[in-house]
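S.K.: Sharing a structure, written as structure tokens. Questions coming.
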Amino acid sequence: MFPRKWLVVIFVLTAFIFSSQTVFANTSVDSTQKVLVRSVTLKGNYRTRDRIILREMSIHVGDSIRLTDLTDRVAWDRRNIENTTLFITVDTETQITPAADSAQSPQLDLTVLMKERWYIIAYPVFDIADRNFNEWWYDRGRDLRRVIYGGRLSYRNVTGTNDRLQVGVELGFLQRIGLSYSKPYIDRAQKIGLRVDLSYQTNKEIPYRTQFDKWVFTRSDDVLRERAYAAVSLTHRRGLYHYHGFDTRYNRNTIADTVARINPDYFLDGRTVQRYLSMSYSYRYDRRDNVVYPLQGTLFTGIVGVAGLLPNDNFHFLEMSAAITRYWPLGGKFYAAGSLRGRSTWPARQPYFNLRGLGSSLDMVRGYELYVVDGQRTAVWRNSVRYQLFNVRKQLNWLHVRQFNTLPISAYITAFGDAGYVSSTVAEQYQSLLANRLLVGTGMSLDVVTFYNLVMRFSGTINGQGKTGFFFNLAQEL
């Protein structure tokens with residue numbers, strides 16, 4: 001009976017969201033009147049090349065735009081530039097010069113004013129190794145042996161073309177070396193992008209199985225698992241909002257004999273080595289007003305991936321997933337969001353290492369942050385209603401570094417309701433109490449959005465089993 005009650009709550013919340021969209025019309029302006037774009041001026045992009053910014057804009061010199069469309073077009077262009085995350089602030093100014101006679105159109109001068117970020121960041125790493133902060137805090141006893149420390153270098157906008165070089169060296173709970181370089185456009189038409197990744201990691205403590213929807217760890221003084229991969233990804237961007245991705249990746253993973261003995265299904269059949277070549281295709285339609293914390297727009301993603309393409313590969317796998325999320329204003333300071341996600345994998349018998357359901361990634365029913373539900377197929381339905389407490393931009397005049405002296409900060413109160421399901425053939429094997437049943441959760445959170453794309457979420461939840469919790473997350477999600 002309890003889950004059914006919460007399902008009603010979620011249904012009512014979703015019905016409210018999807019029935020509350022507001023449509024505005026402006027009938028006071030002649031819809032046929034147009035302006036001619038005379039100039040587009042960019043200011044503040046000292047490092048970023050003009051073509052990278054102009055690539056994000058739908059307004060160009062020589063365009064003829066209806067006056068009724070102008071405000072919306074300018075607003076979306078500003079949002080598109082913000083979504084490159086190259087700038088702390090982006091503002092626009094428009095000036096319309098009346099036509100000299102009735103045979104001509106009024107002329108538009110558009111100015112884009114930007115403040116660039118600090119692009120080179122070298123910083124120490126002090127992080128937790130668990131799935132999230134809440135698992136470390138509640139289930140791992142805040143054990144400082146489970147931290148990761150080291151250093152990372154992130155060099156953004158290396159050549160002024162929104163490219164990025166990242167290097168990381170990490171020690172502690174794990175040892176990891178990573179190197180990646182990405183360039184969004186390698187062709188003159190600015191459609192084809194490239195990314196290269198290399199990574200090597202070792203662990204002396206790993207989860208070797210799941211029991212009662214919790215990871216069970218084993219530890220040794222010797223290395224228990226090694227993971228290495230090399231990847232090359234190509235992207236194709238069509239227009240402003242359509243992204244296609246093609247990823248090729250070679251993986252080689254090894255485990256110690258002791259891991260294979262205590263869980264022969266870790267790589268299946270007691271194997272200690274897993275090697276395979278994988279390829280995937282992804283599509284993303286992304287028209288959100290802000291990629292960090294959206295309030296308006298649509299995001300759709302789809303992925304098809306296959307592993308085990310070489311004759312000597314000993315892991316064969318097929319994955320298909322899709323997700324759609326809608327964001328919209330409800331009027332005033334209220335906003336809503338709804339999301340539906342699904343994932344299916346084959347074959348039914350999979351290595352434990354690759355078996356993932358809810359909780360081991362961003363796919364999660366809120367209220368179950370402390371649980372991992374393994375399975376071959378998942379579905380998640382998430383809904384939120386937000387109220388904006390404030391949205392301000394503070395100028396720190398005492399700080400004379402322009403990349404840091406502007407502080408944007410906003411806060412939202414969010415009410416949410418989620419439902420999810422994991423279909424699993426190994427529920428009995430791993431003594432799962434949550435697989436193959438409806439999972440529901442609801443609650444409220446305080447979301448704080450601030451400096452350099454930082455989103456902090458403080459949530460109070462109750463799930464379908466009647467368990468309450470208070471959780472903290474650094475989030476970039478619904």
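As shown in the structure tokens, the chain order sets the letters A, B, ...; within each chain, residues go from 1, and ligands are also counted from 1 in the order they appear.
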Based on DSSP run over this structure's backbone, return all residues of region 173-319 of chain A in strand (DSSP E), as JSON, numbers by chain.
M.R.: {"A": [174, 175, 176, 177, 178, 179, 180, 181, 182, 183, 192, 193, 194, 195, 196, 197, 198, 199, 200, 201, 202, 203, 205, 206, 207, 208, 209, 210, 211, 214, 215, 216, 217, 218, 219, 225, 226, 227, 228, 229, 230, 231, 232, 233, 234, 235, 236, 237, 238, 242, 243, 244, 245, 246, 247, 248, 249, 250, 251, 252, 253, 254, 255, 273, 274, 275, 276, 277, 278, 279, 280, 281, 282, 283, 284, 285, 286, 287, 288, 297, 298, 299, 300, 301, 302, 303, 304, 305, 306, 307, 317, 318, 319]}
S.K.: Write out as JSON lines the residues of region 275-347 of chain A that have any atom within 10 Å of an atom of region 459-477 of chain A, one row each with the nearest atom pair and its distance in Å to one decimal, counting only C-alpha atoms, sorted by chain and then rising number.
M.R.:
{"residue": "A:Val291", "atom": "CA", "partner": "A:Gln476", "partner_atom": "CA", "distance": 8.2}
{"residue": "A:Val292", "atom": "CA", "partner": "A:Gln476", "partner_atom": "CA", "distance": 5.8}
{"residue": "A:Tyr293", "atom": "CA", "partner": "A:Gln476", "partner_atom": "CA", "distance": 6.7}
{"residue": "A:Pro294", "atom": "CA", "partner": "A:Glu477", "partner_atom": "CA", "distance": 8.8}
S.K.: Keeping only N, CA and C atoms, write the selected residues to a file as a compact mmCIF listing (two decimals), in the first residue's frame.
M.R.:
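Written out: part-v4.txt:
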# COMPACT_ATOMS: atom_id res chain seq x y z
N VAL A 291 23.16 24.74 -19.29
CA VAL A 291 23.50 23.32 -19.17
C VAL A 291 23.82 22.93 -17.74
N VAL A 292 24.15 23.90 -16.90
CA VAL A 292 24.50 23.59 -15.51
C VAL A 292 23.26 23.40 -14.66
N TYR A 293 22.30 24.31 -14.79
CA TYR A 293 21.06 24.23 -14.02
C TYR A 293 19.94 24.76 -14.90
N PRO A 294 19.36 23.92 -15.74
CA PRO A 294 18.36 24.40 -16.71
C PRO A 294 17.04 24.77 -16.05
S.K.: Between A:Leu355, A:Leu295, A:Val40, A:Ala231, which has the minimum distance to Ser180 (chain A) (counting only C-alpha atoms)?
M.R.: A:Ala231
S.K.: Quick one: residues within 6 Å of Val422 (chain A), only C-alpha atoms, excluding same-chain residues fewer than 4 positions away - as a ChimeraX atom specification?
M.R.: /A:375,377-378,435-436
S.K.: Write out, as a compact mmCIF listing (two decimals), in the first residue's frame, the residues just selected, with C-alpha atoms.
M.R.:
# COMPACT_ATOMS: atom_id res chain seq x y z
CA GLY A 375 20.12 -5.38 -13.12
CA ARG A 377 17.21 -3.18 -17.54
CA THR A 378 16.25 0.05 -15.81
CA ALA A 435 15.25 -5.24 -7.72
CA ASN A 436 12.13 -6.30 -9.64
S.K.: Can you measure CA of Thr89 (chain A) to CA of Gly44 (chain A) for me? One decimal in Å is fine.
M.R.: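 Going from CA of Thr89 (chain A) over to CA of Gly44 (chain A) covers 10.0 Å.
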S.K.: When you count only C-alpha atoms, which of these residues is closest to Trp328 (chain A): A:Gly367, A:Asp69, A:Arg288, A:Gln350?
M.R.: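 Closest residue, counting only C-alpha atoms: A:Arg288.
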S.K.: May I ask for the distance between CA of Arg66 (chain A) and CA of Leu299 (chain A), given in Å to one decimal place?
M.R.: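 Interatomic distance, CA of Arg66 (chain A) to CA of Leu299 (chain A): 27.0 Å.
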S.K.: Quick one: residues within 8 Å of Phe317 (chain A), only C-alpha atoms counted, chain neighbours fewer than 5 positions away excluded, as a VMD selection string?
M.R.: chain A and resid 306 to 308 345 to 347
S.K.: Take the selection from the previous step and output its residues with C-alpha atoms, as a PDB file, in the first residue's frame.
M.R.:
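Saved as selection-v3.pdb:
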ATOM      1  CA  VAL A 306      28.510  -2.838 -28.630  1.00  0.00           C
ATOM      2  CA  ALA A 307      31.558  -4.510 -27.060  1.00  0.00           C
ATOM      3  CA  GLY A 308      33.564  -7.567 -28.138  1.00  0.00           C
ATOM      4  CA  THR A 345      21.551  -4.465 -21.934  1.00  0.00           C
ATOM      5  CA  TRP A 346      22.251  -7.918 -23.358  1.00  0.00           C
ATOM      6  CA  PRO A 347      22.979 -10.784 -22.810  1.00  0.00           C
TER       7      PRO A 347
END
S.K.: I'd like the contact shell of region 114-124 of chain A - 7 Å cut-off, only C-alpha atoms, skipping same-chain residues fewer than 2 positions apart - returned as an MDAnalysis selection string.
M.R.: chainID A and resid 43:45 86:91 112 126 150:157 403
S.K.: Which one of A:His244, A:Lys204, A:Arg402, A:Arg55 sits closest to Arg225 (chain A) if you count only C-alpha atoms?
M.R.: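 Nearest to Arg225 (chain A): A:Lys204.
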S.K.: Tell me which of A:Ser182, A:Ser278, A:Thr210, A:Asn397 sits closest to Thr235 (chain A), counting only C-alpha atoms.
M.R.: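 Selected residue with least distance to Thr235 (chain A): A:Ser182.
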S.K.: Calculate how many Å separate CA of Val373 (chain A) from CA of Leu318 (chain A), rounding to one decimal.
M.R.: 19.6 Å
S.K.: In terms of the shortest atom-to-atom distance over only C-alpha atoms, which of A:Asp127, A:Leu108, A:Arg51, A:Asn83 is closest to Val35 (chain A)?
M.R.: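 Closest residue, counting only C-alpha atoms: A:Leu108.
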S.K.: For region 186-193 of chain A, list every protein, DNA or RNA residue within 7 Å, evaluated using only C-alpha atoms, and leave out those in the same chain fewer than 3 positions away; present the list as a VMD selection string.
M.R.: chain A and resid 183 234 to 238
S.K.: Nearest residue to Asn162 (chain A) out of A:Ile81, A:Leu310, A:Leu70, A:Val61, using only C-alpha atoms?
M.R.: A:Ile81
